[in-house]
Amino acid sequence: MKALVSVKRVADYNVKVRPKADGSGVELANVKMSMNPFDEIAVEEAVRLKEKGLITEVVVVSCGLSQCQETLRVALAMGADRAILVETAVELQPLAVAKLLHALVGREAPQLIVLGKQAIDDDSNQTGQMLAALGGWPQATFASKLSIDGGQIQVKREVDGGLETLLLTLPAVVTTDLRLNEPRYATLPNIMKAKKKPLETLTPEMLGVEVTPRIKTLRVTVPAERAVGIKVPDVLTLLEKLNEINVL
Ligand code: AMP
């Protein structure tokens, strides 16, 4: 059974991003880029399933600039077998990525498709759901535990006030939440080995997918500064203060 895992190249989560001077987007020049953290969890989970003998091949996919190859090499060093880059300089929005992944699923026929629940740059949380809808496949989002048994997958997902357990028939789309696992670090020997693993480059045109953006970013600005807080000596004063500003 094959797993297809998508990995997005995003500004590293430690970087404090800022808008471009003209407000047209986020400044990415000279910014450290890394694999989207939820996608690291997705790769880790697929590799663990392979190590348990439940999956035979892990194929990782990234869509975007040629620099996404670096992200794919990290996934290969973590244990993925093969990588596909869908190269384009066009700014990709979730529907376009979902269509590209849908086309790749048509070529690769994986039984399990794993994505992060959201990309930390656009915070869209849309691609997995759109992909499942395009393919008519069952989906389990925000997975915090999963187990495969025959042609089915059981997924525990984090919902308000608890955990929901779903049983899905494969092929299915799963998106990962933070508590699913703790991703491994790519070791130096594995980074060296990953350089020899296959990496195929395709284009949206080769997949017959139109990726023109449908949403226009009008402006990106920094959030308003929070007013400075005050410290109160005890609960009584806190209640008085809250009363003053009509919160109670
Ligand atoms: P989003 O819907 O943008 O929040 O992204 C959700 C997930 O879709 C991410 O965690 C990735 O697994 C996948 N994804 C989004 N954009 C890309 C991309 N350009 N390349 C590969 N995977 C992507």
# chains A, B, ... in the order shown; residues from 1 in each chain; ligands from 1
call {"tool": "residues_near_ligand", "arguments": {"ligand": "ligand 1", "cutoff": "6 Å", "atoms": "only C-alpha atoms and all ligand atoms", "output": "PyMOL selection string"}}
result
chain A and resi 6-8+38-39+61-64+94+97+115-119+122-128
call {"tool": "residues_around", "arguments": {"residues": "Val58 in chain A", "least_positions_apart": "6", "cutoff": "12 Å", "atoms": "only C-alpha atoms", "output": "PyMOL selection string"}}
result
chain A and resi 1-6+42-51+72+75-84+108+110-114+197-198
call {"tool": "select_by_dssp", "arguments": {"residues": "chain A", "states": "strand (DSSP E)", "output": "VMD selection string"}}
result
chain A and resid 2 to 6 9 to 11 33 to 35 57 to 64 82 to 87 112 to 116 139 to 149 152 to 159 162 to 169 172 to 176 199 to 202
call {"tool": "atom_distance", "arguments": {"atom1": "CA of Ile120 in chain A", "atom2": "CA of Pro183 in chain A"}}
result
16.6 Å
call {"tool": "select_by_dssp", "arguments": {"residues": "range 13-240 of chain A", "states": "helix (DSSP H, G or I)", "output": "JSON, numbers by chain"}}
result
{"A": [37, 38, 39, 40, 41, 42, 43, 44, 45, 46, 47, 48, 49, 50, 51, 68, 69, 70, 71, 72, 73, 74, 75, 76, 77, 78, 94, 95, 96, 97, 98, 99, 100, 101, 102, 103, 104, 105, 106, 107, 108, 127, 128, 129, 130, 131, 132, 133, 134, 135, 178, 179, 180, 188, 189, 190, 191, 192, 193, 194, 235, 236, 237, 238, 239, 240]}
call {"tool": "closest_residue", "arguments": {"among": "A:Val209, A:Leu167, A:Arg73, A:Glu158", "to": "Leu104 in chain A", "atoms": "only C-alpha atoms"}}
result
A:Val209
